[in-house]
file my_file_1.cif (mmCIF, C-alpha atoms and all ligand atoms)
data_query
#
loop_
_atom_site.label_atom_id
_atom_site.label_comp_id
_atom_site.auth_asym_id
_atom_site.auth_seq_id
_atom_site.Cartn_x
_atom_site.Cartn_y
_atom_site.Cartn_z
CA MET T 1 -53.77 -11.50 -63.06
CA THR T 2 -52.23 -9.13 -60.54
CA GLN T 3 -49.23 -10.37 -58.59
CA ALA T 4 -49.45 -10.28 -54.82
CA VAL T 5 -47.99 -7.18 -53.26
CA PRO T 6 -44.56 -8.23 -51.90
CA THR T 7 -44.25 -8.58 -48.15
CA PRO T 8 -42.35 -6.03 -46.07
CA SER T 9 -39.64 -8.64 -45.47
CA SER T 10 -38.42 -7.84 -48.97
CA VAL T 11 -37.79 -4.28 -47.83
CA THR T 12 -34.36 -3.60 -46.47
CA GLY T 13 -33.47 -0.49 -44.55
CA GLN T 14 -32.61 -1.11 -40.91
CA GLY T 15 -33.50 1.85 -38.74
CA VAL T 16 -36.07 3.16 -41.20
CA PRO T 17 -39.57 3.02 -39.75
CA HIS T 18 -41.20 0.10 -41.53
CA PRO T 19 -44.74 0.85 -42.65
CA ALA T 20 -47.10 -1.32 -40.60
CA ARG T 21 -48.97 -2.18 -43.80
CA GLN T 22 -47.81 -2.39 -47.36
CA ARG T 23 -47.55 1.05 -48.87
CA VAL T 24 -48.32 1.38 -52.54
CA PHE T 25 -47.43 4.38 -54.69
CA SER T 26 -47.81 4.94 -58.41
CA GLY T 27 -48.57 7.62 -60.97
CA VAL T 28 -49.38 8.49 -64.55
CA GLN T 29 -48.17 11.47 -66.56
CA PRO T 30 -50.93 13.87 -67.65
CA THR T 31 -49.71 13.88 -71.24
CA GLY T 32 -51.77 12.57 -74.15
CA ASP T 33 -54.74 10.29 -73.64
CA LEU T 34 -54.78 7.35 -71.27
CA HIS T 35 -55.29 4.11 -73.17
CA LEU T 36 -55.99 0.45 -72.62
CA GLY T 37 -52.29 -0.17 -71.87
CA THR T 38 -52.33 2.40 -69.05
CA TYR T 39 -55.50 0.82 -67.73
CA LEU T 40 -54.26 -2.78 -67.76
CA GLY T 41 -50.63 -2.08 -66.82
CA ALA T 42 -51.45 0.39 -64.08
CA LEU T 43 -54.99 1.50 -63.10
CA LYS T 44 -56.56 -1.94 -62.97
CA GLN T 45 -53.92 -3.30 -60.62
CA TRP T 46 -54.04 -0.14 -58.50
CA VAL T 47 -57.73 -0.73 -57.87
CA ALA T 48 -56.93 -4.28 -56.78
CA THR T 49 -54.51 -3.02 -54.11
CA GLN T 50 -56.78 -0.50 -52.42
CA ASP T 51 -58.25 -2.94 -49.90
CA GLU T 52 -54.99 -4.59 -48.92
CA ALA T 53 -52.54 -1.69 -48.57
CA GLU T 54 -52.16 2.00 -47.89
CA THR T 55 -52.36 3.42 -51.36
CA ILE T 56 -51.18 6.69 -52.82
CA PHE T 57 -51.74 7.64 -56.45
CA CYS T 58 -50.39 10.76 -57.98
CA VAL T 59 -50.87 12.65 -61.24
CA VAL T 60 -47.26 13.43 -62.07
CA ASP T 61 -47.55 16.83 -63.70
CA LEU T 62 -43.92 17.83 -62.97
CA HIS T 63 -42.83 14.94 -65.15
CA ALA T 64 -44.89 16.37 -68.00
CA LEU T 65 -42.56 19.41 -68.07
CA THR T 66 -39.61 17.25 -69.10
CA VAL T 67 -40.64 17.77 -72.72
CA PRO T 68 -41.37 21.51 -72.45
CA GLU T 69 -42.01 22.02 -76.18
CA ALA T 70 -45.09 19.83 -75.81
CA VAL T 71 -46.54 21.75 -72.87
CA ASP T 72 -49.58 23.99 -73.25
CA PRO T 73 -50.29 25.38 -69.75
CA VAL T 74 -54.06 25.37 -70.16
CA VAL T 75 -54.07 21.85 -71.54
CA LEU T 76 -51.69 20.53 -68.87
CA ARG T 77 -53.82 21.86 -66.02
CA GLU T 78 -56.98 20.39 -67.55
CA LYS T 79 -55.26 17.06 -68.31
CA SER T 80 -54.14 16.73 -64.70
CA LEU T 81 -57.75 16.97 -63.56
CA GLU T 82 -58.88 14.57 -66.27
CA VAL T 83 -56.30 11.97 -65.27
CA ALA T 84 -57.33 12.26 -61.62
CA ALA T 85 -60.95 11.80 -62.70
CA LEU T 86 -59.94 8.69 -64.65
CA TYR T 87 -58.28 7.26 -61.53
CA LEU T 88 -61.61 7.60 -59.73
CA ALA T 89 -63.62 6.40 -62.72
CA ALA T 90 -61.43 3.28 -62.94
CA GLY T 91 -62.57 2.41 -59.42
CA LEU T 92 -60.23 4.08 -56.92
CA ASP T 93 -62.24 5.06 -53.88
CA PRO T 94 -61.32 8.54 -52.57
CA GLU T 95 -62.00 7.33 -49.03
CA LYS T 96 -59.44 4.54 -49.33
CA ASN T 97 -56.69 6.20 -51.38
CA LEU T 98 -54.75 9.42 -51.48
CA ILE T 99 -55.16 10.87 -54.96
CA PHE T 100 -53.39 14.13 -55.66
CA ILE T 101 -51.40 16.18 -58.12
CA GLN T 102 -47.63 15.89 -57.75
CA SER T 103 -46.81 19.61 -57.95
CA HIS T 104 -49.22 20.30 -55.07
CA VAL T 105 -46.79 18.59 -52.71
CA ARG T 106 -43.56 20.58 -53.01
CA GLU T 107 -41.52 17.94 -51.20
CA HIS T 108 -41.39 15.96 -54.46
CA SER T 109 -39.22 18.63 -56.08
CA GLU T 110 -37.21 19.16 -52.92
CA LEU T 111 -36.30 15.50 -52.53
CA ALA T 112 -35.59 15.17 -56.26
CA TRP T 113 -32.84 17.78 -55.87
CA VAL T 114 -31.24 15.91 -53.00
CA LEU T 115 -31.40 12.63 -54.93
CA ASN T 116 -29.88 14.28 -58.01
CA CYS T 117 -26.88 15.09 -55.86
CA VAL T 118 -26.24 11.43 -55.02
CA THR T 119 -27.05 9.98 -58.45
CA PRO T 120 -24.11 9.14 -60.74
CA LEU T 121 -24.66 10.53 -64.24
CA GLY T 122 -23.90 7.12 -65.75
CA TRP T 123 -27.00 5.67 -64.08
CA LEU T 124 -29.15 8.29 -65.78
CA TYR T 125 -27.60 7.88 -69.23
CA ARG T 126 -28.26 4.14 -69.02
CA MET T 127 -32.04 4.53 -68.75
CA THR T 128 -33.65 3.11 -71.89
CA GLN T 129 -36.50 5.62 -71.72
CA PHE T 130 -34.04 8.51 -71.73
CA LYS T 131 -32.30 7.01 -74.73
CA SER T 132 -35.51 6.57 -76.70
CA LYS T 133 -37.04 9.92 -75.70
CA SER T 134 -33.89 11.95 -76.37
CA GLU T 135 -32.99 10.22 -79.64
CA ALA T 136 -35.17 12.15 -82.03
CA ARG T 137 -34.81 15.54 -80.29
CA GLU T 138 -32.60 18.38 -81.30
CA SER T 139 -32.55 19.81 -77.81
CA VAL T 140 -32.83 17.72 -74.68
CA GLY T 141 -33.54 19.41 -71.35
CA SER T 142 -31.67 18.21 -68.29
CA GLY T 143 -35.08 17.39 -66.76
CA LEU T 144 -35.48 14.58 -69.27
CA LEU T 145 -32.22 13.10 -68.06
CA THR T 146 -33.03 13.52 -64.36
CA TYR T 147 -36.64 12.38 -64.81
CA PRO T 148 -35.92 9.11 -62.92
CA THR T 149 -34.67 10.93 -59.82
CA LEU T 150 -37.98 12.82 -59.62
CA MET T 151 -39.75 9.48 -59.97
CA ALA T 152 -37.51 8.08 -57.22
CA ALA T 153 -38.46 11.04 -55.02
CA ASP T 154 -42.17 10.35 -55.64
CA ILE T 155 -41.73 6.79 -54.48
CA LEU T 156 -39.27 7.27 -51.60
CA LEU T 157 -41.15 10.15 -49.97
CA TYR T 158 -43.89 7.79 -48.79
CA ASP T 159 -41.80 4.82 -47.58
CA THR T 160 -43.33 2.92 -50.47
CA THR T 161 -42.96 -0.84 -50.44
CA SER T 162 -44.66 -1.60 -53.75
CA VAL T 163 -44.92 0.27 -57.05
CA PRO T 164 -47.55 -1.19 -59.39
CA VAL T 165 -46.50 -0.33 -62.95
CA GLY T 166 -46.37 -1.70 -66.47
CA ASP T 167 -43.27 -3.45 -67.75
CA ASP T 168 -41.71 -0.28 -69.24
CA GLN T 169 -41.33 1.31 -65.77
CA ARG T 170 -39.50 -1.63 -64.21
CA GLN T 171 -36.08 -0.11 -64.90
CA HIS T 172 -37.07 3.15 -63.21
CA VAL T 173 -38.13 1.32 -60.05
CA GLU T 174 -34.83 -0.61 -60.03
CA PHE T 175 -33.08 2.74 -60.38
CA THR T 176 -35.09 4.03 -57.40
CA ARG T 177 -33.87 1.11 -55.28
CA ASP T 178 -30.28 1.79 -56.33
CA VAL T 179 -30.52 5.50 -55.51
CA ALA T 180 -32.14 4.77 -52.14
CA ALA T 181 -29.45 2.23 -51.29
CA ARG T 182 -26.71 4.66 -52.30
CA PHE T 183 -28.22 7.42 -50.18
CA ASN T 184 -28.57 5.02 -47.24
CA ASN T 185 -24.91 4.05 -47.63
CA LEU T 186 -23.75 7.63 -47.75
CA PHE T 187 -25.97 9.13 -45.04
CA GLY T 188 -27.32 6.26 -42.98
CA GLU T 189 -30.58 4.32 -43.24
CA THR T 190 -33.21 6.78 -44.43
CA PHE T 191 -35.25 5.21 -47.19
CA VAL T 192 -37.30 2.05 -47.57
CA LEU T 193 -36.34 0.14 -50.73
CA PRO T 194 -39.39 -0.40 -52.96
CA ASN T 195 -40.25 -3.21 -55.36
CA ALA T 196 -41.96 -2.94 -58.73
CA THR T 197 -45.20 -4.93 -58.98
CA VAL T 198 -45.81 -5.80 -62.61
CA PRO T 199 -48.95 -7.74 -63.58
CA GLU T 200 -48.48 -11.14 -65.19
CA GLU T 201 -50.88 -10.19 -67.98
CA GLY T 202 -51.35 -6.75 -69.51
CA ALA T 203 -47.96 -5.40 -68.48
CA ARG T 204 -47.04 -4.68 -72.06
CA VAL T 205 -49.99 -4.00 -74.33
CA MET T 206 -48.80 -3.59 -77.91
CA GLY T 207 -50.00 -1.17 -80.59
CA LEU T 208 -52.99 -2.40 -82.56
CA ASP T 209 -51.52 -0.98 -85.76
CA ASP T 210 -48.06 -2.38 -85.04
CA PRO T 211 -47.69 -5.19 -82.51
CA MET T 212 -43.91 -4.73 -82.39
CA VAL T 213 -44.22 -1.42 -80.51
CA LYS T 214 -45.75 -0.75 -77.11
CA MET T 215 -49.14 0.99 -77.14
CA SER T 216 -48.13 4.54 -76.31
CA LYS T 217 -49.77 7.89 -75.64
CA SER T 218 -47.36 9.72 -77.93
CA LEU T 219 -47.76 7.39 -80.92
CA ALA T 220 -51.55 7.51 -80.52
CA VAL T 221 -51.52 11.25 -81.28
CA THR T 222 -50.43 10.79 -84.89
CA ARG T 223 -51.56 7.25 -85.60
CA PRO T 224 -55.30 6.58 -85.56
CA GLY T 225 -55.88 2.89 -84.81
CA HIS T 226 -52.70 2.60 -82.75
CA ALA T 227 -54.37 2.71 -79.33
CA ILE T 228 -57.75 2.37 -77.69
CA ASN T 229 -58.09 5.44 -75.55
CA LEU T 230 -60.18 5.13 -72.40
CA LEU T 231 -62.46 7.95 -73.51
CA ASP T 232 -62.85 6.86 -77.15
CA ASP T 233 -66.42 6.57 -78.42
CA GLU T 234 -67.83 3.24 -79.52
CA LYS T 235 -67.26 3.85 -83.23
CA THR T 236 -63.60 4.73 -82.76
CA VAL T 237 -63.01 1.68 -80.57
CA GLN T 238 -64.75 -0.51 -83.11
CA LYS T 239 -62.60 0.82 -85.93
CA ALA T 240 -59.38 0.32 -83.96
CA VAL T 241 -60.21 -3.25 -82.93
CA MET T 242 -61.63 -4.42 -86.24
CA SER T 243 -58.69 -2.99 -88.20
CA ALA T 244 -56.02 -4.28 -85.79
CA VAL T 245 -53.07 -5.84 -87.60
CA THR T 246 -53.21 -9.65 -87.85
CA ASP T 247 -51.89 -11.71 -90.79
CA SER T 248 -53.25 -13.58 -93.79
CA GLY T 249 -53.71 -16.90 -91.94
CA ARG T 250 -56.16 -18.23 -89.34
CA ASP T 251 -53.91 -19.27 -86.45
CA THR T 252 -55.40 -18.23 -83.12
CA ARG T 253 -53.33 -20.51 -80.87
CA PHE T 254 -51.33 -18.20 -78.65
CA GLU T 255 -48.09 -20.21 -78.84
CA THR T 256 -47.88 -20.12 -82.63
CA ALA T 257 -49.94 -17.03 -83.53
CA SER T 258 -48.37 -13.94 -85.10
CA PRO T 259 -47.56 -10.99 -82.74
CA GLY T 260 -50.70 -9.01 -83.67
CA VAL T 261 -52.98 -11.97 -82.96
CA GLN T 262 -51.10 -12.73 -79.72
CA ASN T 263 -51.75 -9.15 -78.63
CA LEU T 264 -55.49 -9.55 -79.29
CA LEU T 265 -55.61 -12.92 -77.51
CA SER T 266 -53.84 -11.63 -74.45
CA LEU T 267 -56.06 -8.54 -74.34
CA TYR T 268 -59.08 -10.80 -74.46
CA GLY T 269 -57.61 -13.02 -71.73
CA VAL T 270 -56.81 -10.16 -69.37
CA LEU T 271 -60.15 -8.41 -69.88
CA THR T 272 -62.17 -11.57 -69.25
CA GLY T 273 -59.85 -13.06 -66.63
CA GLU T 274 -59.70 -16.29 -68.64
CA ASP T 275 -56.40 -18.15 -68.89
CA MET T 276 -54.81 -18.71 -72.28
CA ALA T 277 -55.82 -22.39 -72.50
CA HIS T 278 -59.48 -21.30 -72.30
CA VAL T 279 -58.96 -18.49 -74.76
CA ASP T 280 -57.17 -20.81 -77.19
CA ALA T 281 -59.99 -23.34 -76.99
CA LYS T 282 -62.65 -20.67 -77.42
CA PHE T 283 -61.25 -19.25 -80.66
CA ASP T 284 -59.94 -22.49 -82.18
CA GLU T 285 -60.97 -22.55 -85.85
CA GLN T 286 -63.00 -19.37 -85.38
CA GLY T 287 -60.86 -17.01 -87.45
CA TYR T 288 -59.73 -13.50 -86.65
CA GLY T 289 -63.11 -11.85 -87.24
CA ALA T 290 -64.68 -13.76 -84.35
CA LEU T 291 -61.75 -12.96 -82.05
CA LYS T 292 -61.96 -9.27 -82.88
CA LYS T 293 -65.72 -9.16 -82.39
CA ALA T 294 -65.48 -10.85 -79.01
CA LEU T 295 -62.62 -8.58 -77.96
CA LEU T 296 -64.60 -5.52 -79.03
CA GLY T 297 -67.44 -6.62 -76.75
CA GLU T 298 -65.08 -6.96 -73.79
CA VAL T 299 -63.38 -3.63 -74.43
CA LEU T 300 -66.72 -1.81 -74.62
CA ALA T 301 -67.97 -3.58 -71.49
CA THR T 302 -64.90 -2.23 -69.67
CA LEU T 303 -64.94 1.27 -71.11
CA LYS T 304 -68.63 2.13 -71.01
CA PRO T 305 -69.13 2.13 -67.22
CA LEU T 306 -65.77 3.84 -66.78
CA GLN T 307 -66.83 6.59 -69.18
CA THR T 308 -70.16 7.05 -67.42
CA ARG T 309 -68.41 7.49 -64.06
CA TYR T 310 -65.86 9.80 -65.64
CA ALA T 311 -68.60 12.09 -66.97
CA GLU T 312 -70.22 12.23 -63.51
CA ILE T 313 -66.92 13.04 -61.81
CA MET T 314 -65.98 15.75 -64.32
CA GLY T 315 -69.49 17.15 -63.89
CA ASP T 316 -68.65 17.93 -60.27
CA ARG T 317 -65.32 19.69 -60.58
CA ALA T 318 -65.57 21.26 -57.15
CA GLY T 319 -65.98 17.77 -55.70
CA LEU T 320 -62.97 16.51 -57.63
CA GLU T 321 -60.82 19.47 -56.61
CA HIS T 322 -61.84 18.92 -53.00
CA ILE T 323 -60.69 15.28 -53.13
CA LEU T 324 -57.37 16.35 -54.66
CA SER T 325 -56.69 19.11 -52.18
CA ARG T 326 -57.67 17.01 -49.14
CA SER T 327 -55.40 14.20 -50.35
CA ALA T 328 -52.55 16.62 -51.06
CA ASP T 329 -52.80 17.93 -47.49
CA ARG T 330 -52.48 14.43 -46.10
CA ALA T 331 -49.70 13.49 -48.52
CA ARG T 332 -47.80 16.65 -47.54
CA GLU T 333 -47.92 15.65 -43.87
CA ARG T 334 -46.39 12.27 -44.66
CA ALA T 335 -43.85 13.68 -47.09
CA ALA T 336 -42.72 16.20 -44.47
CA VAL T 337 -41.81 13.36 -42.10
CA THR T 338 -39.53 11.75 -44.70
CA MET T 339 -38.03 15.10 -45.66
CA GLN T 340 -37.18 15.72 -42.01
CA ARG T 341 -35.29 12.40 -41.97
CA VAL T 342 -33.45 13.52 -45.10
CA ARG T 343 -32.64 16.88 -43.52
CA ASP T 344 -31.41 15.23 -40.35
CA ALA T 345 -29.31 12.73 -42.30
CA THR T 346 -27.69 15.26 -44.62
CA GLY T 347 -27.30 18.20 -42.26
CA LEU T 348 -29.68 20.52 -44.08
CA ALA T 349 -30.57 23.06 -41.42
P1 LIG T 401 -46.71 6.67 -67.96
O1 LIG T 401 -47.53 7.88 -67.75
O2 LIG T 401 -45.93 6.56 -69.23
O3 LIG T 401 -47.59 5.37 -67.88
C1 LIG T 401 -48.43 5.15 -66.76
C2 LIG T 401 -48.51 3.69 -66.41
O4 LIG T 401 -49.05 2.93 -67.49
C3 LIG T 401 -48.19 1.84 -67.82
N1 LIG T 401 -48.25 1.65 -69.29
C4 LIG T 401 -48.48 0.46 -69.87
N2 LIG T 401 -48.71 -0.76 -69.35
C5 LIG T 401 -48.92 -1.77 -70.23
N3 LIG T 401 -48.89 -1.61 -71.58
C6 LIG T 401 -48.67 -0.41 -72.15
N4 LIG T 401 -48.66 -0.26 -73.46
C7 LIG T 401 -48.45 0.71 -71.27
N5 LIG T 401 -48.20 2.03 -71.46
C8 LIG T 401 -48.09 2.59 -70.22
C9 LIG T 401 -46.80 2.32 -67.39
O5 LIG T 401 -45.92 1.25 -67.18
C10 LIG T 401 -47.13 3.07 -66.11
O6 LIG T 401 -47.25 2.18 -65.02
N6 LIG T 401 -42.66 7.44 -65.23
C11 LIG T 401 -44.04 7.07 -65.17
C12 LIG T 401 -44.87 7.93 -64.23
C13 LIG T 401 -44.35 8.04 -62.83
C14 LIG T 401 -44.42 7.06 -61.84
C15 LIG T 401 -43.85 7.65 -60.66
C16 LIG T 401 -44.89 5.75 -61.82
C17 LIG T 401 -43.77 9.14 -62.28
N7 LIG T 401 -43.48 8.93 -60.98
C18 LIG T 401 -43.74 6.93 -59.50
C19 LIG T 401 -44.78 5.04 -60.63
C20 LIG T 401 -44.21 5.63 -59.48
C21 LIG T 401 -44.63 7.18 -66.54
O7 LIG T 401 -44.19 7.95 -67.35
O8 LIG T 401 -45.74 6.44 -66.71
#

call {"tool": "encode", "arguments": {"input": "my_file_1.cif", "output": "structure tokens"}}
result
Amino acid sequence: MTQAVPTPSSVTGQGVPHPARQRVFSGVQPTGDLHLGTYLGALKQWVATQDEAETIFCVVDLHALTVPEAVDPVVLREKSLEVAALYLAAGLDPEKNLIFIQSHVREHSELAWVLNCVTPLGWLYRMTQFKSKSEARESVGSGLLTYPTLMAADILLYDTTSVPVGDDQRQHVEFTRDVAARFNNLFGETFVLPNATVPEEGARVMGLDDPMVKMSKSLAVTRPGHAINLLDDEKTVQKAVMSAVTDSGRDTRFETASPGVQNLLSLYGVLTGEDMAHVDAKFDEQGYGALKKALLGEVLATLKPLQTRYAEIMGDRAGLEHILSRSADRARERAAVTMQRVRDATGLA
């Protein structure tokens, strides 16, 4: 269930023009394949906001450069379009939302620089995602460290009030608030302070092959059966669901079930919209096979129409590119207003 978008009263920032409506901003990196976790933690709740707020959704290609060894220019460009097409296929209406590619609006990079200048290094070193992403690397680019200031720029450029994300991005949104507050203290009220909106269910989908780790795009590359990708064919989805890790017992009650079974139960609950009491009652004494079969049905019922729409959208690339460039033009106009406030506040000529 998606939490209500917080009201503007939770936004501090005297002197900053308050958006008349809630303003929602979020994004996905065009790296790897989008999976069920991305859908439930992000895309699904984005769609739910489009009728109640001004909504801006970005494909954050600049963030993809933070691990430059993994970048293939041809693949990155294509992935950015694919991710935008998935936004639309998931149900975002191009007439109701701005949907664009981050690097098409240069103000994101410009503001990121300014924010870097006010961000204490200690705040960046504390980020858990930096710690985990830098751990196994021989060489770590400074972009990986300053990744959260670019994310803060994405959010702050649009006077965002609400950032719908999965649980793993909560810390980055808190960081954004801290950076905005610090800038406001140093230079006067300039930025609206945003809140993370994290769904009650589906905010942390775990790997099907290992329920102790989050379902992740990077792990999915080397571990078949780890994730259900949004564009997987029926056979692949079936294999992943039916071979998901459970245990040797039969316990399907959420409270007492093992982590793998809990993951399957909560996926079933969030896909059907049923609360856990109903789900518990439905699978009582049924065994894991029945749970997996039912979950498979729900996953396919979600993915099939999405995949059909995706194919249609990718079949009209000119149409897709038109949506992206029209949105980028409108985003640029808004971003320019915020950048002017930043220029005025800091004395940039
Ligand atoms: P990214 O690309 O890693 O993930 C995109 C969104 O999907 C959510 N998510 C999940 N939710 C539930 N369970 C999972 N297993 C799971 N895996 C991913 C993430 O929480 C996220 O909401 N830094 C961001 C991209 C970004 C951004 C922004 C987001 C850049 N600028 C501004 C919001 C606002 C990221 O890497 O997300």

call {"tool": "residues_around", "arguments": {"input": "my_file_1.cif", "residues": "Ser26 (chain T)", "least_positions_apart": "4", "cutoff": "10 Å", "atoms": "all atoms listed in the file", "output": "compact mmCIF listing (two decimals) with C-alpha atoms, in the coordinates of the input"}}
result
# COMPACT_ATOMS: atom_id res chain seq x y z
CA ALA T 42 -51.45 0.39 -64.08
CA LEU T 43 -54.99 1.50 -63.10
CA TRP T 46 -54.04 -0.14 -58.50
CA THR T 55 -52.36 3.42 -51.36
CA ILE T 56 -51.18 6.69 -52.82
CA PHE T 57 -51.74 7.64 -56.45
CA CYS T 58 -50.39 10.76 -57.98
CA VAL T 59 -50.87 12.65 -61.24
CA VAL T 60 -47.26 13.43 -62.07
CA MET T 151 -39.75 9.48 -59.97
CA ASP T 154 -42.17 10.35 -55.64
CA ILE T 155 -41.73 6.79 -54.48
CA THR T 160 -43.33 2.92 -50.47
CA SER T 162 -44.66 -1.60 -53.75
CA VAL T 163 -44.92 0.27 -57.05
CA PRO T 164 -47.55 -1.19 -59.39
CA VAL T 165 -46.50 -0.33 -62.95
CA ALA T 196 -41.96 -2.94 -58.73

call {"tool": "residues_near_ligand", "arguments": {"input": "my_file_1.cif", "ligand": "ligand LIG 401 (chain T)", "cutoff": "6 Å", "atoms": "all atoms listed in the file", "output": "PyMOL selection string"}}
result
chain T and resi 25-29+37-38+40-42+60+151+154-155+163+165-169+202-206+214-216

call {"tool": "residues_around", "arguments": {"input": "my_file_1.cif", "residues": "Gln129 (chain T)", "least_positions_apart": "3", "cutoff": "10 Å", "atoms": "only C-alpha atoms", "output": "PyMOL selection string"}}
result
chain T and resi 124-126+132-135+144-145+147-148+168-169+171-172

call {"tool": "closest_residue", "arguments": {"input": "my_file_1.cif", "among": "T:Leu98, T:Gln22, T:Asp284, T:Val67", "to": "Ala328 (chain T)", "atoms": "all atoms listed in the file"}}
result
T:Leu98

call {"tool": "atom_distance", "arguments": {"input": "my_file_1.cif", "atom1": "CA of Pro199 (chain T)", "atom2": "CA of Ala48 (chain T)"}}
result
11.0 Å

call {"tool": "residues_around", "arguments": {"input": "my_file_1.cif", "residues": "region 68-84 of chain T", "least_positions_apart": "6", "cutoff": "12 Å", "atoms": "only C-alpha atoms", "output": "mmCIF file with C-alpha atoms, in the coordinates of the input"}}
result
data_model
loop_
_atom_site.group_PDB
_atom_site.id
_atom_site.type_symbol
_atom_site.label_atom_id
_atom_site.label_comp_id
_atom_site.auth_asym_id
_atom_site.auth_seq_id
_atom_site.Cartn_x
_atom_site.Cartn_y
_atom_site.Cartn_z
ATOM 1 C CA GLY T 27 -48.570 7.620 -60.970
ATOM 2 C CA VAL T 28 -49.380 8.490 -64.550
ATOM 3 C CA GLN T 29 -48.170 11.470 -66.560
ATOM 4 C CA PRO T 30 -50.930 13.870 -67.650
ATOM 5 C CA THR T 31 -49.710 13.880 -71.240
ATOM 6 C CA GLY T 32 -51.770 12.570 -74.150
ATOM 7 C CA ASP T 33 -54.740 10.290 -73.640
ATOM 8 C CA LEU T 34 -54.780 7.350 -71.270
ATOM 9 C CA HIS T 35 -55.290 4.110 -73.170
ATOM 10 C CA THR T 38 -52.330 2.400 -69.050
ATOM 11 C CA TYR T 39 -55.500 0.820 -67.730
ATOM 12 C CA LEU T 43 -54.990 1.500 -63.100
ATOM 13 C CA PHE T 57 -51.740 7.640 -56.450
ATOM 14 C CA CYS T 58 -50.390 10.760 -57.980
ATOM 15 C CA VAL T 59 -50.870 12.650 -61.240
ATOM 16 C CA VAL T 60 -47.260 13.430 -62.070
ATOM 17 C CA ASP T 61 -47.550 16.830 -63.700
ATOM 18 C CA LEU T 62 -43.920 17.830 -62.970
ATOM 19 C CA ALA T 90 -61.430 3.280 -62.940
ATOM 20 C CA GLY T 91 -62.570 2.410 -59.420
ATOM 21 C CA LEU T 92 -60.230 4.080 -56.920
ATOM 22 C CA ASP T 93 -62.240 5.060 -53.880
ATOM 23 C CA PRO T 94 -61.320 8.540 -52.570
ATOM 24 C CA ASN T 97 -56.690 6.200 -51.380
ATOM 25 C CA LEU T 98 -54.750 9.420 -51.480
ATOM 26 C CA ILE T 99 -55.160 10.870 -54.960
ATOM 27 C CA PHE T 100 -53.390 14.130 -55.660
ATOM 28 C CA ILE T 101 -51.400 16.180 -58.120
ATOM 29 C CA GLN T 102 -47.630 15.890 -57.750
ATOM 30 C CA SER T 103 -46.810 19.610 -57.950
ATOM 31 C CA HIS T 104 -49.220 20.300 -55.070
ATOM 32 C CA ARG T 137 -34.810 15.540 -80.290
ATOM 33 C CA GLU T 138 -32.600 18.380 -81.300
ATOM 34 C CA SER T 139 -32.550 19.810 -77.810
ATOM 35 C CA VAL T 140 -32.830 17.720 -74.680
ATOM 36 C CA GLY T 141 -33.540 19.410 -71.350
ATOM 37 C CA SER T 142 -31.670 18.210 -68.290
ATOM 38 C CA GLY T 143 -35.080 17.390 -66.760
ATOM 39 C CA LEU T 144 -35.480 14.580 -69.270
ATOM 40 C CA SER T 218 -47.360 9.720 -77.930
ATOM 41 C CA LEU T 230 -60.180 5.130 -72.400
ATOM 42 C CA LEU T 231 -62.460 7.950 -73.510
ATOM 43 C CA GLN T 307 -66.830 6.590 -69.180
ATOM 44 C CA TYR T 310 -65.860 9.800 -65.640
ATOM 45 C CA ALA T 311 -68.600 12.090 -66.970
ATOM 46 C CA GLU T 312 -70.220 12.230 -63.510
ATOM 47 C CA ILE T 313 -66.920 13.040 -61.810
ATOM 48 C CA MET T 314 -65.980 15.750 -64.320
ATOM 49 C CA GLY T 315 -69.490 17.150 -63.890
ATOM 50 C CA ASP T 316 -68.650 17.930 -60.270
ATOM 51 C CA ARG T 317 -65.320 19.690 -60.580
ATOM 52 C CA ALA T 318 -65.570 21.260 -57.150
ATOM 53 C CA GLY T 319 -65.980 17.770 -55.700
ATOM 54 C CA LEU T 320 -62.970 16.510 -57.630
ATOM 55 C CA GLU T 321 -60.820 19.470 -56.610
ATOM 56 C CA HIS T 322 -61.840 18.920 -53.000
ATOM 57 C CA ILE T 323 -60.690 15.280 -53.130
ATOM 58 C CA LEU T 324 -57.370 16.350 -54.660
ATOM 59 C CA SER T 325 -56.690 19.110 -52.180
ATOM 60 C CA SER T 327 -55.400 14.200 -50.350
#

call {"tool": "residues_around", "arguments": {"input": "my_file_1.cif", "residues": "Thr272 (chain T)", "least_positions_apart": "5", "cutoff": "12 Å", "atoms": "all atoms listed in the file", "output": "list of chain:residue names"}}
result
T:Met1, T:Leu40, T:Glu201, T:Gly202, T:Leu265, T:Ser266, T:Leu267, T:His278, T:Val279, T:Ala294, T:Leu295, T:Leu296, T:Gly297, T:Glu298, T:Val299, T:Ala301, T:Thr302

call {"tool": "atom_distance", "arguments": {"input": "my_file_1.cif", "atom1": "CA of Glu174 (chain T)", "atom2": "CA of Ala152 (chain T)"}}
result
9.5 Å

call {"tool": "closest_residue", "arguments": {"input": "my_file_1.cif", "among": "T:Ala136, T:Phe187, T:Thr66, T:Ala220", "to": "Gly347 (chain T)", "atoms": "all atoms listed in the file"}}
result
T:Phe187

call {"tool": "closest_residue", "arguments": {"input": "my_file_1.cif", "among": "T:Asp210, T:Glu333, T:Asp233, T:Glu255", "to": "Leu300 (chain T)", "atoms": "only C-alpha atoms"}}
result
T:Asp233

call {"tool": "atom_distance", "arguments": {"input": "my_file_1.cif", "atom1": "CA of Ser243 (chain T)", "atom2": "CA of Glu285 (chain T)"}}
result
19.8 Å

call {"tool": "closest_residue", "arguments": {"input": "my_file_1.cif", "among": "T:Lys239, T:Lys217, T:Arg170, T:His63", "to": "Lys292 (chain T)", "atoms": "all atoms listed in the file"}}
result
T:Lys239

call {"tool": "closest_residue", "arguments": {"input": "my_file_1.cif", "among": "T:Ala53, T:Val47, T:Ala335, T:Leu193", "to": "Arg21 (chain T)", "atoms": "all atoms listed in the file"}}
result
T:Ala53
